[in-house]
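Shown below: coords.tsv, with TSV, C-alpha atoms.
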chain	number	residue	atom	x	y	z
A	6	MET	CA	76.20	100.53	95.03
A	7	LYS	CA	79.07	99.97	97.45
A	8	ASN	CA	82.00	102.39	97.68
A	9	ILE	CA	85.25	100.58	98.45
A	10	LEU	CA	88.49	102.39	99.28
A	11	VAL	CA	91.72	100.53	98.57
A	12	PRO	CA	94.88	102.38	99.65
A	13	THR	CA	97.97	101.28	97.75
A	14	ASP	CA	101.70	101.80	98.01
A	15	PHE	CA	102.06	99.78	94.78
A	16	SER	CA	103.35	96.75	96.67
A	17	ASN	CA	102.32	93.17	95.94
A	18	ASN	CA	100.51	93.17	99.29
A	19	ALA	CA	98.36	96.14	98.30
A	20	PHE	CA	97.52	94.58	94.94
A	21	HIS	CA	96.67	91.32	96.68
A	22	ALA	CA	94.17	93.21	98.85
A	23	LEU	CA	92.57	94.78	95.76
A	24	ASN	CA	92.38	91.40	94.06
A	25	TYR	CA	90.87	89.86	97.21
A	26	ALA	CA	88.23	92.62	97.47
A	27	SER	CA	87.37	92.24	93.79
A	28	GLU	CA	86.76	88.54	94.26
A	29	LEU	CA	84.89	89.00	97.54
A	30	LEU	CA	82.56	91.55	95.94
A	31	LYS	CA	82.41	90.07	92.44
A	32	ASN	CA	78.60	89.87	92.49
A	33	GLU	CA	78.11	93.39	93.89
A	34	GLU	CA	78.03	96.69	92.04
A	35	CYS	CA	80.98	98.60	93.44
A	36	ASN	CA	82.94	101.79	92.96
A	37	PHE	CA	86.55	101.07	93.84
A	38	PHE	CA	88.58	104.10	94.87
A	39	LEU	CA	92.26	103.25	94.38
A	40	LEU	CA	94.23	105.63	96.59
A	41	ASN	CA	97.89	106.47	96.70
A	42	VAL	CA	99.17	109.11	99.09
A	43	PHE	CA	102.65	110.55	99.02
A	44	THR	CA	104.62	113.04	101.06
A	45	GLU	CA	107.84	114.87	100.43
A	46	LYS	CA	109.18	113.60	103.74
A	47	LYS	CA	109.23	110.01	102.56
A	48	GLY	CA	109.73	110.65	98.89
A	49	PHE	CA	108.56	108.19	96.31
A	50	LYS	CA	110.91	105.23	96.13
A	51	ASN	CA	113.60	107.62	97.39
A	52	LYS	CA	113.69	109.52	94.10
A	53	ARG	CA	114.93	113.08	94.25
A	54	VAL	CA	114.41	115.87	91.77
A	55	GLU	CA	117.01	118.59	91.55
A	56	GLY	CA	115.49	122.00	92.19
A	57	ASN	CA	112.71	123.30	94.34
A	58	SER	CA	110.11	121.59	96.46
A	59	GLU	CA	107.31	122.30	93.97
A	60	ALA	CA	109.13	120.40	91.21
A	61	PHE	CA	109.69	117.48	93.59
A	62	SER	CA	105.99	117.45	94.54
A	63	LYS	CA	104.97	117.42	90.87
A	64	LYS	CA	107.35	114.52	90.22
A	65	LEU	CA	105.88	112.57	93.15
A	66	GLU	CA	102.34	113.20	91.90
A	67	ALA	CA	103.20	112.21	88.32
A	68	ASP	CA	104.84	108.98	89.50
A	69	SER	CA	101.82	108.24	91.70
A	70	GLN	CA	99.37	108.74	88.83
A	71	VAL	CA	101.40	106.59	86.43
A	72	ASN	CA	101.54	103.75	88.95
A	73	LEU	CA	97.81	104.02	89.73
A	74	LYS	CA	97.06	103.64	86.01
A	75	ARG	CA	99.34	100.60	85.91
A	76	ILE	CA	97.44	99.02	88.81
A	77	LEU	CA	94.12	99.77	87.10
A	78	LEU	CA	95.23	98.06	83.88
A	79	LYS	CA	96.48	95.05	85.84
A	80	ILE	CA	93.25	94.54	87.82
A	81	LYS	CA	91.08	95.00	84.72
A	82	LYS	CA	93.20	92.44	82.87
A	83	GLN	CA	92.86	89.92	85.70
A	84	ARG	CA	89.23	90.63	86.60
A	85	ASP	CA	87.14	92.25	83.92
A	86	ASN	CA	83.96	92.73	85.97
A	87	GLN	CA	81.28	94.98	84.47
A	88	LYS	CA	79.84	95.54	87.96
A	89	HIS	CA	83.05	97.24	89.13
A	90	THR	CA	84.12	100.78	88.31
A	91	TYR	CA	87.39	102.37	89.38
A	92	ARG	CA	88.47	105.85	90.34
A	93	LEU	CA	92.12	106.75	90.80
A	94	ILE	CA	93.07	109.17	93.57
A	95	SER	CA	96.56	110.54	94.09
A	96	GLU	CA	96.99	112.88	97.07
A	97	GLN	CA	99.88	114.58	98.80
A	98	ASN	CA	99.12	114.30	102.49
A	99	GLU	CA	99.14	111.84	105.36
A	100	LEU	CA	97.21	108.61	104.70
A	101	ILE	CA	94.80	108.93	107.64
A	102	VAL	CA	93.88	112.52	106.78
A	103	VAL	CA	93.05	111.55	103.20
A	104	ILE	CA	91.14	108.41	104.23
A	105	ASN	CA	88.94	110.31	106.67
A	106	GLY	CA	88.22	112.97	104.03
A	107	LEU	CA	87.28	110.36	101.41
A	108	ILE	CA	84.98	108.53	103.83
A	109	ALA	CA	83.01	111.74	104.29
A	110	GLU	CA	83.19	112.92	100.67
A	111	HIS	CA	82.31	109.65	98.92
A	112	GLY	CA	80.39	107.68	101.54
A	113	ILE	CA	82.99	104.92	101.69
A	114	ASP	CA	81.42	101.65	102.88
A	115	LEU	CA	84.60	99.62	103.35
A	116	ILE	CA	88.36	100.14	103.39
A	117	VAL	CA	90.40	97.18	102.16
A	118	MET	CA	94.12	97.20	102.69
A	119	GLY	CA	97.06	94.86	102.43
A	120	ASN	CA	98.95	93.81	105.47
A	121	LYS	CA	102.66	93.09	105.79
A	122	GLY	CA	102.88	92.78	109.55
A	123	LYS	CA	106.57	93.72	109.96
A	124	LYS	CA	106.63	96.84	112.17
A	125	SER	CA	103.67	96.47	114.51
A	126	SER	CA	103.06	96.09	118.17
A	127	ILE	CA	101.29	92.93	116.99
A	128	PRO	CA	103.76	91.91	114.26
A	129	ILE	CA	102.18	88.57	113.45
A	130	PHE	CA	98.85	90.11	112.50
A	131	LEU	CA	99.08	93.76	111.51
A	132	GLY	CA	101.58	96.13	109.95
A	133	SER	CA	102.05	99.66	111.25
A	134	THR	CA	99.91	101.30	108.53
A	135	ALA	CA	97.03	98.86	109.12
A	136	THR	CA	97.35	99.28	112.88
A	137	LYS	CA	97.23	103.09	112.62
A	138	THR	CA	94.26	102.95	110.22
A	139	LEU	CA	92.30	100.63	112.52
A	140	HIS	CA	93.08	102.86	115.48
A	141	VAL	CA	92.19	106.21	113.87
A	142	VAL	CA	89.37	105.44	111.39
A	143	LYS	CA	86.14	105.24	113.35
A	144	LYS	CA	83.39	105.79	110.77
A	145	CYS	CA	84.09	102.93	108.38
A	146	PRO	CA	84.95	99.22	108.65
A	147	VAL	CA	88.47	98.20	107.63
A	148	LEU	CA	89.27	94.82	106.13
A	149	THR	CA	92.96	93.92	106.32
A	150	VAL	CA	94.09	91.19	103.96
A	151	PRO	CA	97.20	89.27	105.04
A	152	LYS	CA	99.76	88.84	102.29
A	153	SER	CA	99.61	85.05	102.50
A	154	SER	CA	95.81	84.72	102.42
A	155	LYS	CA	94.05	82.83	99.68
A	156	PHE	CA	90.50	83.82	98.80
A	157	SER	CA	87.73	81.69	100.21
A	158	ILE	CA	84.19	82.43	101.26
A	159	LEU	CA	84.34	84.17	104.65
A	160	LYS	CA	83.11	82.06	107.54
A	161	GLU	CA	84.72	83.97	110.39
A	162	ILE	CA	85.70	87.60	110.90
A	163	ALA	CA	87.96	88.91	113.65
A	164	PHE	CA	86.93	92.26	115.13
A	165	VAL	CA	89.77	94.40	116.44
A	166	THR	CA	89.19	96.38	119.61
A	167	ASP	CA	91.15	98.53	122.00
A	168	PHE	CA	88.50	97.88	124.67
A	169	LYS	CA	87.78	101.62	125.06
A	170	LYS	CA	84.14	101.24	124.09
Target encoding structure tokens, full file:
Amino acid sequence: MKNILVPTDFSNNAFHALNYASELLKNEECNFFLLNVFTEKKGFKNKRVEGNSEAFSKKLEADSQVNLKRILLKIKKQRDNQKHTYRLISEQNELIVVINGLIAEHGIDLIVMGNKGKKSSIPIFLGSTATKTLHVVKKCPVLTVPKSSKFSILKEIAFVTDFKK
């Protein structure tokens, strides 16, 4: 059974990546780990809770969990595949820290993430989150799915390198 990690910020791009991975792996038994990370620094959709930091953290976590459940219902409605199971993970931390921990804890075989490509050193191809993930994650392959891609059987794969190895 394959373990697939799909980070989400609840954007259309992130859902597109999940949908793409579901189609790509439709004939494989897979555990999909749907991950949302949040931090107080960024807030969640710029919402603020009056009071202390703990109350704000709880609000961020509750919002994250509600939105993960919404994504789960949406993907199950679009692709009811008995070979796919889903686990929802909501964490307060930095994305890369959580990803590296989940790779070790759950034996993640593949990370699939959406790609906006707006704030990158290579803006045509990769967004800043995808670029950072590719740069930092060393123990697991990462598949970035451009927002405009349509699913088709893969014939070519581009391998990203920094030429350090």
Checklist line | Residue nearest Lys152 (chain A) among A:Asn36, A:Asn105, A:Asn120, A:Ser95 (counting all atoms listed in the file) | finding: A:Asn120
Item checked: For CA of Ile108 (chain A) and CA of Val150 (chain A), the interatomic separation in Å (one decimal) ->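 CA of Val150 (chain A) lies at a distance of 19.6 Å from CA of Ile108 (chain A).
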Next item on the list: Calculate how many Å separate CA of Phe168 (chain A) from CA of Ile101 (chain A), rounding to one decimal.
Entry: 21.3 Å
Checklist line | Given all atoms listed in the file as the counted atoms, nearest of A:Ala26, A:Ile158, A:Val142, A:Glu59 to Ile104 (chain A) | finding: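 The closest residue to Ile104 (chain A) is A:Val142.
Note that CA of Val147 (chain A) and CA of Val117 (chain A) are 5.9 Å apart.
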Note to self: Applying 12 Å and only C-alpha atoms, which residues near region 29-33 of chain A remain after dropping the ones on its own chain fewer than 2 positions away? List them as number ranges by chain.
What the structure shows: A: 6-9, 22-27, 35-37, 84-90, 115, 117, 148, 150, 155-159
Next item on the list: Please provide the set of residues having any atom within 8 Å of region 67-78 of chain A, restricted to all atoms listed in the file, with same-chain residues fewer than 6 positions apart removed, written as JSON, numbers by chain.
Entry: {"A": [15, 20, 39, 40, 41, 42, 43, 49, 91, 93, 94, 95]}
Would you save the residues from that selection as a tab-separated table (two decimals), keeping the file's coordinate frame, using C-alpha atoms?
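As a result, selection_30.tsv now contains:
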chain	number	residue	atom	x	y	z
A	15	PHE	CA	102.06	99.78	94.78
A	20	PHE	CA	97.52	94.58	94.94
A	39	LEU	CA	92.26	103.25	94.38
A	40	LEU	CA	94.23	105.63	96.59
A	41	ASN	CA	97.89	106.47	96.70
A	42	VAL	CA	99.17	109.11	99.09
A	43	PHE	CA	102.65	110.55	99.02
A	49	PHE	CA	108.56	108.19	96.31
A	91	TYR	CA	87.39	102.37	89.38
A	93	LEU	CA	92.12	106.75	90.80
A	94	ILE	CA	93.07	109.17	93.57
A	95	SER	CA	96.56	110.54	94.09
Check: With only C-alpha atoms as the atoms that count, which of A:Lys79, A:Pro12, A:Lys121, A:Thr138 lies nearest to Ser153 (chain A)?
Finding: A:Lys121
Please complete region 65-89 of chain A so it has N, CA and C atoms, and hand it over as a PDB file, in the frame of the given file.
ATOM      1  N   LEU A  65     106.524 113.586  92.320  1.00  0.00           N
ATOM      2  CA  LEU A  65     105.880 112.570  93.150  1.00  0.00           C
ATOM      3  C   LEU A  65     104.460 112.289  92.669  1.00  0.00           C
ATOM      4  N   GLU A  66     103.721 113.364  92.367  1.00  0.00           N
ATOM      5  CA  GLU A  66     102.340 113.200  91.900  1.00  0.00           C
ATOM      6  C   GLU A  66     102.299 112.486  90.545  1.00  0.00           C
ATOM      7  N   ALA A  67     103.165 112.848  89.635  1.00  0.00           N
ATOM      8  CA  ALA A  67     103.200 112.210  88.320  1.00  0.00           C
ATOM      9  C   ALA A  67     103.519 110.720  88.444  1.00  0.00           C
ATOM     10  N   ASP A  68     104.502 110.384  89.277  1.00  0.00           N
ATOM     11  CA  ASP A  68     104.840 108.980  89.500  1.00  0.00           C
ATOM     12  C   ASP A  68     103.656 108.222  90.109  1.00  0.00           C
ATOM     13  N   SER A  69     102.979 108.845  91.052  1.00  0.00           N
ATOM     14  CA  SER A  69     101.820 108.240  91.700  1.00  0.00           C
ATOM     15  C   SER A  69     100.727 107.945  90.668  1.00  0.00           C
ATOM     16  N   GLN A  70     100.425 108.908  89.824  1.00  0.00           N
ATOM     17  CA  GLN A  70      99.370 108.740  88.830  1.00  0.00           C
ATOM     18  C   GLN A  70      99.723 107.656  87.805  1.00  0.00           C
ATOM     19  N   VAL A  71     100.966 107.621  87.374  1.00  0.00           N
ATOM     20  CA  VAL A  71     101.400 106.590  86.430  1.00  0.00           C
ATOM     21  C   VAL A  71     101.232 105.201  87.040  1.00  0.00           C
ATOM     22  N   ASN A  72     101.648 105.055  88.288  1.00  0.00           N
ATOM     23  CA  ASN A  72     101.540 103.750  88.950  1.00  0.00           C
ATOM     24  C   ASN A  72     100.101 103.357  89.245  1.00  0.00           C
ATOM     25  N   LEU A  73      99.235 104.320  89.547  1.00  0.00           N
ATOM     26  CA  LEU A  73      97.810 104.020  89.730  1.00  0.00           C
ATOM     27  C   LEU A  73      97.210 103.496  88.419  1.00  0.00           C
ATOM     28  N   LYS A  74      97.561 104.101  87.310  1.00  0.00           N
ATOM     29  CA  LYS A  74      97.060 103.640  86.010  1.00  0.00           C
ATOM     30  C   LYS A  74      97.553 102.227  85.705  1.00  0.00           C
ATOM     31  N   ARG A  75      98.780 101.946  86.107  1.00  0.00           N
ATOM     32  CA  ARG A  75      99.340 100.600  85.910  1.00  0.00           C
ATOM     33  C   ARG A  75      98.555  99.566  86.720  1.00  0.00           C
ATOM     34  N   ILE A  76      98.226  99.911  87.958  1.00  0.00           N
ATOM     35  CA  ILE A  76      97.440  99.020  88.810  1.00  0.00           C
ATOM     36  C   ILE A  76      96.046  98.805  88.208  1.00  0.00           C
ATOM     37  N   LEU A  77      95.447  99.869  87.717  1.00  0.00           N
ATOM     38  CA  LEU A  77      94.120  99.770  87.100  1.00  0.00           C
ATOM     39  C   LEU A  77      94.142  98.814  85.909  1.00  0.00           C
ATOM     40  N   LEU A  78      95.122  98.954  85.038  1.00  0.00           N
ATOM     41  CA  LEU A  78      95.230  98.060  83.880  1.00  0.00           C
ATOM     42  C   LEU A  78      95.407  96.607  84.321  1.00  0.00           C
ATOM     43  N   LYS A  79      96.210  96.403  85.349  1.00  0.00           N
ATOM     44  CA  LYS A  79      96.480  95.050  85.840  1.00  0.00           C
ATOM     45  C   LYS A  79      95.217  94.402  86.420  1.00  0.00           C
ATOM     46  N   ILE A  80      94.450  95.140  87.218  1.00  0.00           N
ATOM     47  CA  ILE A  80      93.250  94.540  87.820  1.00  0.00           C
ATOM     48  C   ILE A  80      92.183  94.309  86.752  1.00  0.00           C
ATOM     49  N   LYS A  81      92.064  95.198  85.795  1.00  0.00           N
ATOM     50  CA  LYS A  81      91.080  95.000  84.720  1.00  0.00           C
ATOM     51  C   LYS A  81      91.457  93.808  83.845  1.00  0.00           C
ATOM     52  N   LYS A  82      92.749  93.592  83.663  1.00  0.00           N
ATOM     53  CA  LYS A  82      93.200  92.440  82.870  1.00  0.00           C
ATOM     54  C   LYS A  82      92.894  91.140  83.608  1.00  0.00           C
ATOM     55  N   GLN A  83      93.094  91.127  84.923  1.00  0.00           N
ATOM     56  CA  GLN A  83      92.860  89.920  85.700  1.00  0.00           C
ATOM     57  C   GLN A  83      91.383  89.681  85.994  1.00  0.00           C
ATOM     58  N   ARG A  84      90.634  90.749  86.205  1.00  0.00           N
ATOM     59  CA  ARG A  84      89.230  90.630  86.600  1.00  0.00           C
ATOM     60  C   ARG A  84      88.394  91.661  85.861  1.00  0.00           C
ATOM     61  N   ASP A  85      87.967  91.336  84.693  1.00  0.00           N
ATOM     62  CA  ASP A  85      87.140  92.250  83.920  1.00  0.00           C
ATOM     63  C   ASP A  85      85.687  92.084  84.373  1.00  0.00           C
ATOM     64  N   ASN A  86      85.295  92.840  85.387  1.00  0.00           N
ATOM     65  CA  ASN A  86      83.960  92.730  85.970  1.00  0.00           C
ATOM     66  C   ASN A  86      83.170  93.995  85.636  1.00  0.00           C
ATOM     67  N   GLN A  87      82.105  93.843  84.888  1.00  0.00           N
ATOM     68  CA  GLN A  87      81.280  94.980  84.470  1.00  0.00           C
ATOM     69  C   GLN A  87      80.568  95.648  85.644  1.00  0.00           C
ATOM     70  N   LYS A  88      80.495  94.975  86.779  1.00  0.00           N
ATOM     71  CA  LYS A  88      79.840  95.540  87.960  1.00  0.00           C
ATOM     72  C   LYS A  88      80.788  96.457  88.751  1.00  0.00           C
ATOM     73  N   HIS A  89      82.053  96.452  88.392  1.00  0.00           N
ATOM     74  CA  HIS A  89      83.050  97.240  89.130  1.00  0.00           C
ATOM     75  C   HIS A  89      83.536  98.413  88.297  1.00  0.00           C
TER      76      HIS A  89
END
